[in-house]
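Note: the block below is structure04.json and it holds JSON, C-alpha atoms and all ligand atoms.
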[["chain", "number", "residue", "atom", "x", "y", "z"],
["A", 79, "MET", "CA", 206.48, 94.31, -83.98],
["A", 80, "LYS", "CA", 209.43, 93.00, -85.96],
["A", 81, "ILE", "CA", 209.87, 95.13, -89.07],
["A", 82, "ILE", "CA", 211.86, 94.17, -92.16],
["A", 83, "ASN", "CA", 212.23, 96.63, -95.03],
["A", 84, "THR", "CA", 212.39, 94.24, -97.99],
["A", 85, "HIS", "CA", 213.18, 96.88, -100.62],
["A", 86, "ALA", "CA", 216.24, 99.10, -100.21],
["A", 87, "HIS", "CA", 219.08, 100.13, -102.49],
["A", 88, "VAL", "CA", 222.70, 100.64, -101.67],
["A", 89, "ILE", "CA", 224.59, 102.11, -104.58],
["A", 90, "GLU", "CA", 228.23, 102.06, -105.57],
["A", 91, "THR", "CA", 228.08, 105.70, -106.51],
["A", 92, "GLY", "CA", 231.52, 105.84, -108.15],
["A", 93, "LYS", "CA", 230.61, 103.04, -110.53],
["A", 94, "ALA", "CA", 226.94, 103.98, -110.93],
["A", 95, "PHE", "CA", 227.52, 107.51, -112.09],
["A", 96, "ALA", "CA", 230.99, 107.46, -113.60],
["A", 97, "GLN", "CA", 230.52, 104.95, -116.41],
["A", 98, "GLU", "CA", 232.33, 106.23, -119.43],
["A", 99, "GLY", "CA", 230.19, 107.80, -122.14],
["A", 100, "ASN", "CA", 227.12, 107.91, -119.93],
["A", 101, "ASP", "CA", 225.96, 111.01, -118.14],
["A", 102, "TYR", "CA", 223.36, 109.31, -115.98],
["A", 103, "LEU", "CA", 223.12, 112.24, -113.63],
["A", 104, "LYS", "CA", 221.34, 114.18, -116.36],
["A", 105, "TYR", "CA", 218.47, 111.67, -116.10],
["A", 106, "ILE", "CA", 218.31, 112.28, -112.38],
["A", 107, "ARG", "CA", 218.54, 116.06, -112.63],
["A", 108, "GLY", "CA", 215.82, 116.14, -115.31],
["A", 109, "ILE", "CA", 213.30, 114.57, -112.96],
["A", 110, "THR", "CA", 211.36, 116.68, -110.50],
["A", 111, "ALA", "CA", 211.70, 114.17, -107.70],
["A", 112, "PHE", "CA", 215.46, 114.39, -108.00],
["A", 113, "GLU", "CA", 215.85, 118.14, -108.02],
["A", 114, "GLN", "CA", 217.97, 117.71, -104.94],
["A", 115, "ALA", "CA", 220.12, 115.09, -106.66],
["A", 116, "ASP", "CA", 223.24, 116.01, -104.74],
["A", 117, "LYS", "CA", 221.46, 115.49, -101.45],
["A", 118, "VAL", "CA", 220.18, 112.12, -102.67],
["A", 119, "LEU", "CA", 223.75, 111.08, -103.43],
["A", 120, "ASP", "CA", 224.74, 111.97, -99.88],
["A", 121, "MET", "CA", 221.97, 109.68, -98.63],
["A", 122, "LEU", "CA", 223.11, 106.56, -100.42],
["A", 123, "SER", "CA", 225.48, 105.19, -97.80],
["A", 124, "ALA", "CA", 224.71, 102.04, -95.86],
["A", 125, "GLU", "CA", 225.41, 104.01, -92.67],
["A", 126, "ASN", "CA", 222.62, 106.45, -93.49],
["A", 127, "LEU", "CA", 220.28, 103.55, -94.18],
["A", 128, "LEU", "CA", 221.17, 102.03, -90.79],
["A", 129, "ARG", "CA", 220.65, 105.34, -88.99],
["A", 130, "GLN", "CA", 217.20, 105.68, -90.55],
["A", 131, "MET", "CA", 216.37, 102.04, -89.76],
["A", 132, "ASP", "CA", 217.17, 102.70, -86.11],
["A", 133, "GLU", "CA", 214.99, 105.83, -86.10],
["A", 134, "ALA", "CA", 212.06, 103.91, -87.63],
["A", 135, "GLY", "CA", 212.43, 100.74, -85.52],
["A", 136, "ILE", "CA", 213.35, 98.62, -88.54],
["A", 137, "GLU", "CA", 215.43, 95.61, -87.58],
["A", 138, "GLN", "CA", 216.59, 94.53, -91.01],
["A", 139, "SER", "CA", 216.66, 95.64, -94.64],
["A", 140, "VAL", "CA", 216.92, 93.67, -97.84],
["A", 141, "VAL", "CA", 219.50, 95.47, -99.99],
["A", 142, "PHE", "CA", 219.69, 94.90, -103.73],
["A", 143, "ALA", "CA", 222.66, 94.44, -105.99],
["A", 144, "MET", "CA", 221.98, 95.88, -109.44],
["A", 145, "TYR", "CA", 223.78, 95.40, -112.73],
["A", 146, "ALA", "CA", 222.14, 98.42, -114.33],
["A", 147, "PRO", "CA", 222.84, 102.11, -114.75],
["A", 148, "LEU", "CA", 222.05, 104.58, -111.96],
["A", 149, "LEU", "CA", 221.40, 101.99, -109.26],
["A", 150, "PHE", "CA", 224.60, 100.00, -109.85],
["A", 151, "ALA", "CA", 225.80, 97.80, -107.01],
["A", 152, "SER", "CA", 227.80, 94.61, -107.53],
["A", 153, "ASN", "CA", 227.02, 91.32, -105.81],
["A", 154, "GLU", "CA", 230.39, 91.51, -104.05],
["A", 155, "PHE", "CA", 229.69, 95.02, -102.73],
["A", 156, "VAL", "CA", 226.32, 93.91, -101.30],
["A", 157, "ALA", "CA", 227.81, 90.73, -99.82],
["A", 158, "GLU", "CA", 230.51, 92.77, -98.06],
["A", 159, "LEU", "CA", 227.90, 95.06, -96.50],
["A", 160, "CYS", "CA", 225.93, 92.05, -95.28],
["A", 161, "GLN", "CA", 229.08, 90.73, -93.58],
["A", 162, "LYS", "CA", 230.12, 94.08, -92.16],
["A", 163, "TYR", "CA", 226.69, 94.80, -90.65],
["A", 164, "HIS", "CA", 225.80, 91.24, -89.81],
["A", 165, "GLY", "CA", 222.14, 90.72, -88.98],
["A", 166, "ARG", "CA", 221.02, 94.14, -90.26],
["A", 167, "PHE", "CA", 221.10, 93.43, -94.00],
["A", 168, "THR", "CA", 219.99, 90.57, -96.23],
["A", 169, "GLY", "CA", 221.49, 90.83, -99.71],
["A", 170, "PHE", "CA", 219.69, 90.02, -102.95],
["A", 171, "ALA", "CA", 221.81, 89.37, -106.03],
["A", 172, "SER", "CA", 221.64, 90.85, -109.49],
["A", 173, "VAL", "CA", 222.98, 89.50, -112.75],
["A", 174, "ASP", "CA", 224.25, 91.00, -115.95],
["A", 175, "ILE", "CA", 221.24, 90.04, -118.01],
["A", 176, "LYS", "CA", 223.27, 89.97, -121.24],
["A", 177, "ALA", "CA", 225.98, 87.70, -119.83],
["A", 178, "PRO", "CA", 226.14, 84.26, -121.53],
["A", 179, "ASP", "CA", 225.96, 82.53, -118.14],
["A", 180, "ALA", "CA", 223.66, 84.73, -116.07],
["A", 181, "ALA", "CA", 222.37, 81.59, -114.32],
["A", 182, "GLY", "CA", 225.91, 80.67, -113.29],
["A", 183, "MET", "CA", 226.48, 84.20, -112.01],
["A", 184, "LEU", "CA", 223.37, 83.84, -109.84],
["A", 185, "GLU", "CA", 224.48, 80.47, -108.51],
["A", 186, "HIS", "CA", 227.87, 81.93, -107.54],
["A", 187, "ALA", "CA", 226.20, 84.89, -105.78],
["A", 188, "VAL", "CA", 223.97, 82.58, -103.76],
["A", 189, "LYS", "CA", 226.31, 79.69, -103.00],
["A", 190, "ASN", "CA", 229.59, 81.59, -102.56],
["A", 191, "LEU", "CA", 228.58, 85.12, -101.58],
["A", 192, "GLY", "CA", 225.59, 84.21, -99.41],
["A", 193, "LEU", "CA", 222.99, 86.32, -101.21],
["A", 194, "LYS", "CA", 219.40, 85.21, -100.69],
["A", 195, "GLY", "CA", 217.33, 86.34, -103.67],
["A", 196, "LEU", "CA", 217.48, 87.84, -107.16],
["A", 197, "LYS", "CA", 216.45, 91.40, -108.03],
["A", 198, "LEU", "CA", 215.66, 92.21, -111.64],
["A", 199, "HIS", "CA", 214.77, 95.60, -113.09],
["A", 200, "PRO", "CA", 213.50, 94.89, -116.63],
["A", 201, "PRO", "CA", 213.32, 98.53, -117.84],
["A", 202, "LEU", "CA", 216.66, 99.63, -116.39],
["A", 203, "GLN", "CA", 218.30, 96.39, -117.56],
["A", 204, "ASN", "CA", 216.48, 96.66, -120.90],
["A", 205, "PHE", "CA", 214.74, 93.29, -121.25],
["A", 206, "PHE", "CA", 211.24, 91.84, -121.37],
["A", 207, "PRO", "CA", 210.72, 89.58, -118.36],
["A", 208, "ASN", "CA", 208.73, 87.04, -120.41],
["A", 209, "ASP", "CA", 211.55, 86.63, -122.96],
["A", 210, "ARG", "CA", 212.20, 82.87, -123.09],
["A", 211, "LYS", "CA", 215.95, 83.59, -123.05],
["A", 212, "LEU", "CA", 215.47, 84.24, -119.34],
["A", 213, "TRP", "CA", 213.98, 80.81, -118.62],
["A", 214, "PRO", "CA", 217.33, 79.20, -117.59],
["A", 215, "LEU", "CA", 217.86, 82.03, -115.09],
["A", 216, "TYR", "CA", 214.38, 81.54, -113.60],
["A", 217, "GLN", "CA", 214.94, 77.78, -113.49],
["A", 218, "LYS", "CA", 218.16, 78.40, -111.54],
["A", 219, "ALA", "CA", 216.38, 80.68, -109.06],
["A", 220, "HIS", "CA", 213.70, 78.01, -108.68],
["A", 221, "ASP", "CA", 216.31, 75.29, -108.08],
["A", 222, "LEU", "CA", 218.13, 77.49, -105.53],
["A", 223, "ASN", "CA", 214.74, 78.11, -103.84],
["A", 224, "ILE", "CA", 215.23, 81.88, -103.82],
["A", 225, "PRO", "CA", 212.67, 84.57, -104.70],
["A", 226, "VAL", "CA", 212.91, 86.77, -107.79],
["A", 227, "VAL", "CA", 211.96, 90.43, -107.32],
["A", 228, "PHE", "CA", 210.70, 92.18, -110.46],
["A", 229, "HIS", "CA", 210.40, 95.92, -110.73],
["A", 230, "VAL", "CA", 206.98, 96.65, -112.25],
["A", 231, "GLY", "CA", 205.30, 99.91, -113.16],
["A", 232, "THR", "CA", 206.58, 103.34, -113.95],
["A", 233, "THR", "CA", 210.09, 104.58, -113.20],
["A", 234, "PRO", "CA", 211.50, 108.06, -112.77],
["A", 235, "PHE", "CA", 214.26, 107.44, -115.31],
["A", 236, "GLY", "CA", 212.73, 109.21, -118.29],
["A", 237, "SER", "CA", 213.82, 108.28, -121.79],
["A", 238, "LEU", "CA", 216.41, 105.86, -120.41],
["A", 239, "VAL", "CA", 213.69, 103.21, -120.02],
["A", 240, "LYS", "CA", 210.71, 101.62, -121.79],
["A", 241, "LEU", "CA", 207.54, 101.23, -119.75],
["A", 242, "SER", "CA", 206.45, 98.31, -121.94],
["A", 243, "GLN", "CA", 209.12, 96.20, -120.17],
["A", 244, "ALA", "CA", 207.63, 97.04, -116.77],
["A", 245, "ASN", "CA", 204.11, 95.74, -117.43],
["A", 246, "PRO", "CA", 203.12, 93.42, -114.55],
["A", 247, "ILE", "CA", 201.00, 91.30, -116.92],
["A", 248, "LEU", "CA", 204.28, 90.02, -118.45],
["A", 249, "ILE", "CA", 205.04, 88.35, -115.12],
["A", 250, "ASP", "CA", 201.94, 86.18, -115.54],
["A", 251, "ASP", "CA", 203.78, 84.34, -118.35],
["A", 252, "VAL", "CA", 206.72, 83.65, -116.01],
["A", 253, "ALA", "CA", 204.48, 82.45, -113.19],
["A", 254, "ASN", "CA", 202.51, 80.18, -115.53],
["A", 255, "ASP", "CA", 205.69, 78.38, -116.60],
["A", 256, "PHE", "CA", 207.32, 78.40, -113.13],
["A", 257, "PRO", "CA", 204.52, 77.75, -110.64],
["A", 258, "GLY", "CA", 207.05, 76.81, -107.95],
["A", 259, "LEU", "CA", 209.13, 79.99, -108.32],
["A", 260, "LYS", "CA", 208.64, 82.63, -105.61],
["A", 261, "ILE", "CA", 208.12, 86.03, -107.24],
["A", 262, "ILE", "CA", 207.83, 89.45, -105.63],
["A", 263, "LEU", "CA", 206.37, 92.37, -107.57],
["A", 264, "THR", "CA", 207.24, 95.86, -106.37],
["A", 265, "HIS", "CA", 205.79, 99.23, -105.38],
["A", 266, "LEU", "CA", 202.16, 98.02, -105.17],
["A", 267, "GLY", "CA", 202.48, 98.14, -108.99],
["A", 268, "THR", "CA", 203.51, 101.82, -109.31],
["A", 269, "LEU", "CA", 200.35, 103.10, -111.00],
["A", 270, "TRP", "CA", 199.83, 99.70, -112.63],
["A", 271, "HIS", "CA", 198.17, 98.75, -109.37],
["A", 272, "ASN", "CA", 195.22, 96.70, -110.53],
["A", 273, "GLU", "CA", 197.15, 94.68, -113.10],
["A", 274, "SER", "CA", 199.73, 93.88, -110.43],
["A", 275, "PHE", "CA", 197.08, 92.83, -107.93],
["A", 276, "MET", "CA", 195.49, 90.63, -110.62],
["A", 277, "VAL", "CA", 198.72, 88.73, -111.19],
["A", 278, "VAL", "CA", 199.47, 88.41, -107.47],
["A", 279, "GLU", "CA", 195.93, 87.23, -106.72],
["A", 280, "LYS", "CA", 196.11, 84.61, -109.49],
["A", 281, "HIS", "CA", 199.33, 82.83, -108.52],
["A", 282, "PRO", "CA", 199.95, 81.24, -105.11],
["A", 283, "ASN", "CA", 203.70, 82.01, -105.15],
["A", 284, "LEU", "CA", 203.40, 85.68, -106.04],
["A", 285, "TYR", "CA", 203.87, 88.51, -103.56],
["A", 286, "ILE", "CA", 203.99, 92.29, -103.80],
["A", 287, "ASP", "CA", 205.96, 94.80, -101.78],
["A", 288, "THR", "CA", 204.52, 98.03, -100.43],
["A", 289, "ALA", "CA", 207.33, 100.31, -101.63],
["A", 290, "ALA", "CA", 204.87, 102.90, -102.92],
["A", 291, "TYR", "CA", 204.25, 106.55, -102.12],
["A", 292, "PRO", "CA", 202.83, 106.93, -98.61],
["A", 293, "TYR", "CA", 199.50, 108.28, -99.94],
["A", 294, "GLU", "CA", 199.16, 105.22, -102.19],
["A", 295, "ILE", "CA", 199.72, 102.92, -99.24],
["A", 296, "SER", "CA", 196.89, 104.63, -97.34],
["A", 297, "ASP", "CA", 194.57, 104.64, -100.35],
["A", 298, "LEU", "CA", 195.24, 101.12, -101.59],
["A", 299, "LEU", "CA", 195.86, 98.91, -98.57],
["A", 300, "THR", "CA", 192.29, 98.52, -97.42],
["A", 301, "LEU", "CA", 191.14, 95.48, -95.51],
["A", 302, "ASN", "CA", 188.99, 94.45, -98.49],
["A", 303, "LEU", "CA", 191.90, 94.56, -100.92],
["A", 304, "VAL", "CA", 194.32, 92.75, -98.61],
["A", 305, "LYS", "CA", 191.77, 90.00, -98.00],
["A", 306, "ARG", "CA", 190.96, 89.68, -101.69],
["A", 307, "VAL", "CA", 194.54, 89.54, -103.00],
["A", 308, "GLY", "CA", 195.65, 87.48, -100.01],
["A", 309, "GLU", "CA", 196.66, 88.16, -96.42],
["A", 310, "ASP", "CA", 200.00, 86.42, -97.06],
["A", 311, "LYS", "CA", 200.79, 88.36, -100.24],
["A", 312, "PHE", "CA", 201.89, 91.82, -99.09],
["A", 313, "ILE", "CA", 205.37, 92.51, -97.78],
["A", 314, "PHE", "CA", 206.73, 95.73, -96.35],
["A", 315, "GLY", "CA", 209.26, 97.71, -98.40],
["A", 316, "THR", "CA", 210.10, 101.36, -98.98],
["A", 317, "ASP", "CA", 212.49, 101.67, -101.97],
["A", 318, "PHE", "CA", 215.05, 103.56, -99.90],
["A", 319, "PRO", "CA", 216.53, 106.06, -100.90],
["A", 320, "MET", "CA", 214.04, 107.11, -103.61],
["A", 321, "PRO", "CA", 212.36, 110.47, -102.97],
["A", 322, "TYR", "CA", 208.56, 110.71, -103.00],
["A", 323, "GLU", "CA", 205.96, 113.45, -102.88],
["A", 324, "GLY", "CA", 208.76, 115.98, -103.41],
["A", 325, "LYS", "CA", 210.54, 114.91, -100.21],
["A", 326, "MET", "CA", 213.70, 113.08, -99.28],
["A", 327, "HIS", "CA", 213.27, 109.46, -98.27],
["A", 328, "ARG", "CA", 212.54, 108.87, -94.59],
["A", 329, "LEU", "CA", 211.88, 105.32, -93.42],
["A", 330, "ALA", "CA", 209.84, 106.51, -90.44],
["A", 331, "ASP", "CA", 207.27, 108.02, -92.85],
["A", 332, "PHE", "CA", 206.42, 104.47, -93.90],
["A", 333, "THR", "CA", 206.21, 102.89, -90.46],
["A", 334, "GLU", "CA", 204.05, 105.82, -89.34],
["A", 335, "ILE", "CA", 201.66, 105.38, -92.31],
["A", 336, "PHE", "CA", 201.25, 101.70, -91.43],
["A", 337, "GLY", "CA", 200.47, 102.67, -87.86],
["A", 338, "ARG", "CA", 197.47, 104.62, -89.15],
["A", 339, "LEU", "CA", 196.14, 101.98, -91.61],
["A", 340, "GLN", "CA", 192.66, 100.69, -90.88],
["A", 341, "ILE", "CA", 193.65, 97.02, -90.87],
["A", 342, "PRO", "CA", 193.99, 94.75, -87.83],
["A", 343, "ASP", "CA", 197.33, 94.46, -86.00],
["A", 344, "TYR", "CA", 197.78, 90.80, -86.94],
["A", 345, "LEU", "CA", 197.79, 91.87, -90.61],
["A", 346, "LYS", "CA", 200.26, 94.67, -89.98],
["A", 347, "GLU", "CA", 202.52, 92.12, -88.33],
["A", 348, "LYS", "CA", 202.26, 89.81, -91.34],
["A", 349, "ILE", "CA", 203.05, 92.66, -93.75],
["A", 350, "PHE", "CA", 205.89, 94.06, -91.61],
["A", 351, "SER", "CA", 207.80, 90.76, -91.49],
["A", 352, "GLY", "CA", 205.66, 87.61, -91.06],
["A", 353, "ASN", "CA", 204.81, 87.10, -94.73],
["A", 354, "PHE", "CA", 208.38, 87.73, -95.89],
["A", 355, "LEU", "CA", 209.93, 85.37, -93.36],
["A", 356, "LYS", "CA", 207.42, 82.63, -94.16],
["A", 357, "MET", "CA", 208.08, 83.04, -97.89],
["A", 358, "MET", "CA", 211.87, 83.00, -97.45],
["A", 359, "HIS", "CA", 211.87, 79.92, -95.26],
["A", 360, "GLY", "CA", 209.05, 78.05, -97.02],
["B", 1, "ZN", "ZN", 213.75, 99.95, -105.96]]
Could the structure of this file be written out as structure tokens, please?
Amino acid sequence: MKIINTHAHVIETGKAFAQEGNDYLKYIRGITAFEQADKVLDMLSAENLLRQMDEAGIEQSVVFAMYAPLLFASNEFVAELCQKYHGRFTGFASVDIKAPDAAGMLEHAVKNLGLKGLKLHPPLQNFFPNDRKLWPLYQKAHDLNIPVVFHVGTTPFGSLVKLSQANPILIDDVANDFPGLKIILTHLGTLWHNESFMVVEKHPNLYIDTAAYPYEISDLLTLNLVKRVGEDKFIFGTDFPMPYEGKMHRLADFTEIFGRLQIPDYLKEKIFSGNFLKMMHG
């Protein structure tokens, strides 16, 4: 089975953690999941991601640029990795949400750098996704025919973020106004599961990635739920390199969990890569 991990982070650690006046590591060290913060930092390289992909039988990963604290990676950095490891990575762009021409920044990333989607993290980038100021950016993504990935649900970043900006219901407003825009919600909703599934079920162009804790994947991805929300709506992702269940991230944990799910093989194939490829090329 062809497997694509549609949710992975590569981080420019020097820039992500060394921004003047910001001690972002304190947010990481204050969180139980990141007790081994130094080990996490060692894991962030693209080479480590590739090694884990090989171990798990994952052909390709979507790696996200991010103009935000902690997960910072520039569009240029991601584009370079995609070139260097040709065929193994697909890059999704980010934009500086406060920039006067965020839409132009996206267009440059897609047309000149070859990035294939837009990743937005409303709480880490400190905005409400249904703020009408964002409409020109969404219109640009629509016109470029690229998907927009929204982080939804809780985050491990403590008082750095507001959960109100991560409410999946806010995405309903975006989808109502941009019915042709492809949108991917994340993490099976991260404890906002049902609200996320509601929004994804409602809109034909909405999808959700499975970058959740392994136990949530087993509990939530039942045949009934997949059929109700839509067989084409779920796409495989892991949120590499985020820790979970007190452990370091291991891609093979996720492929193994899918192996044990009580859903037919044709659905596993759709979730592992079929749905994503159809969405990207549709
Ligand atoms: Zn993520």
Go through A:Trp213, A:Phe170, A:Phe318, A:Phe336 and flag the residue nearest ligand ZN 1 (chain B), using all atoms listed in the file for the distances.
-> A:Phe318
Shell around Lys218 in chain A at 8 Å using only C-alpha atoms, local window under 5 positions removed, as a PyMOL selection string | chain A and resi 181+184-185
Write out as a PyMOL selection string each polymer residue whose atoms come within 8 Å of range 250-255 of chain A, counting only C-alpha atoms; drop sequence neighbours fewer than 2 positions from it.
-> chain A and resi 207-208+246-248+257+259+261+277+281+284
What's the 8 Å shell around range 80-89 of chain A, counting all atoms listed in the file, without same-chain residues fewer than 4 positions away, as a VMD selection string?
-> chain A and resid 94 122 to 124 135 to 143 149 to 151 156 287 289 313 to 319 347 350 to 351 354
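Pairwise distance (CA of Gly324 in chain A, CA of Pro147 in chain A) equals 22.8 Å.
Residue nearest ligand ZN 1 (chain B) within the list A:Asn190, A:Ser152, A:Thr264, A:Asn283: A:Thr264 [criterion: smallest interatomic distance, only C-alpha atoms and all ligand atoms].
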Shell of 8 Å around Phe256 in chain A, only C-alpha atoms, local chain residues under 5 positions omitted, as a short mmCIF file (atom, residue, chain, number, x, y, z; two decimals) with C-alpha atoms, keeping the file's coordinate frame:
data_model
loop_
_atom_site.label_atom_id
_atom_site.label_comp_id
_atom_site.auth_asym_id
_atom_site.auth_seq_id
_atom_site.Cartn_x
_atom_site.Cartn_y
_atom_site.Cartn_z
CA TYR A 216 214.38 81.54 -113.60
CA GLN A 217 214.94 77.78 -113.49
CA HIS A 220 213.70 78.01 -108.68
#
Compile the contact shell of Leu301 in chain A as a PyMOL selection string: residues with an atom at most 12 Å away, counting all atoms listed in the file, same-chain residues fewer than 5 positions apart removed.
-> chain A and resi 295-296+306-309+312+339-346
Could those selected residues go to a file with C-alpha atoms, as a CSV table (one decimal), keeping the file's coordinate frame?
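result14.csv written:
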chain,number,residue,atom,x,y,z
A,295,ILE,CA,199.7,102.9,-99.2
A,296,SER,CA,196.9,104.6,-97.3
A,306,ARG,CA,191.0,89.7,-101.7
A,307,VAL,CA,194.5,89.5,-103.0
A,308,GLY,CA,195.6,87.5,-100.0
A,309,GLU,CA,196.7,88.2,-96.4
A,312,PHE,CA,201.9,91.8,-99.1
A,339,LEU,CA,196.1,102.0,-91.6
A,340,GLN,CA,192.7,100.7,-90.9
A,341,ILE,CA,193.6,97.0,-90.9
A,342,PRO,CA,194.0,94.8,-87.8
A,343,ASP,CA,197.3,94.5,-86.0
A,344,TYR,CA,197.8,90.8,-86.9
A,345,LEU,CA,197.8,91.9,-90.6
A,346,LYS,CA,200.3,94.7,-90.0
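Counting all atoms listed in the file and comparing A:Met79, A:Ala187, A:Leu299, A:Leu198, the residue that lies closest to Ala134 in chain A is A:Met79.
Nearest to ligand ZN 1 (chain B) of all the residues A:Leu159, A:Leu355, A:Leu202, A:Ile249 is A:Leu202, counting all atoms listed in the file.
Counting from CA of Phe205 in chain A, the distance to CA of Gln243 in chain A is 6.4 Å.
In this comparison, which uses only C-alpha atoms and all ligand atoms, the residue of A:Asn353, A:Thr300, A:Thr268, A:Ser274 approaching ligand ZN 1 (chain B) most closely is A:Thr268.
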Shortest contact to Thr168 in chain A, candidates A:Met358, A:Pro292, A:Asp331, A:Leu269, atoms counted all atoms listed in the file, goes to A:Met358
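CA of Ile286 in chain A sits 5.1 Å away from CA of Ile262 in chain A.
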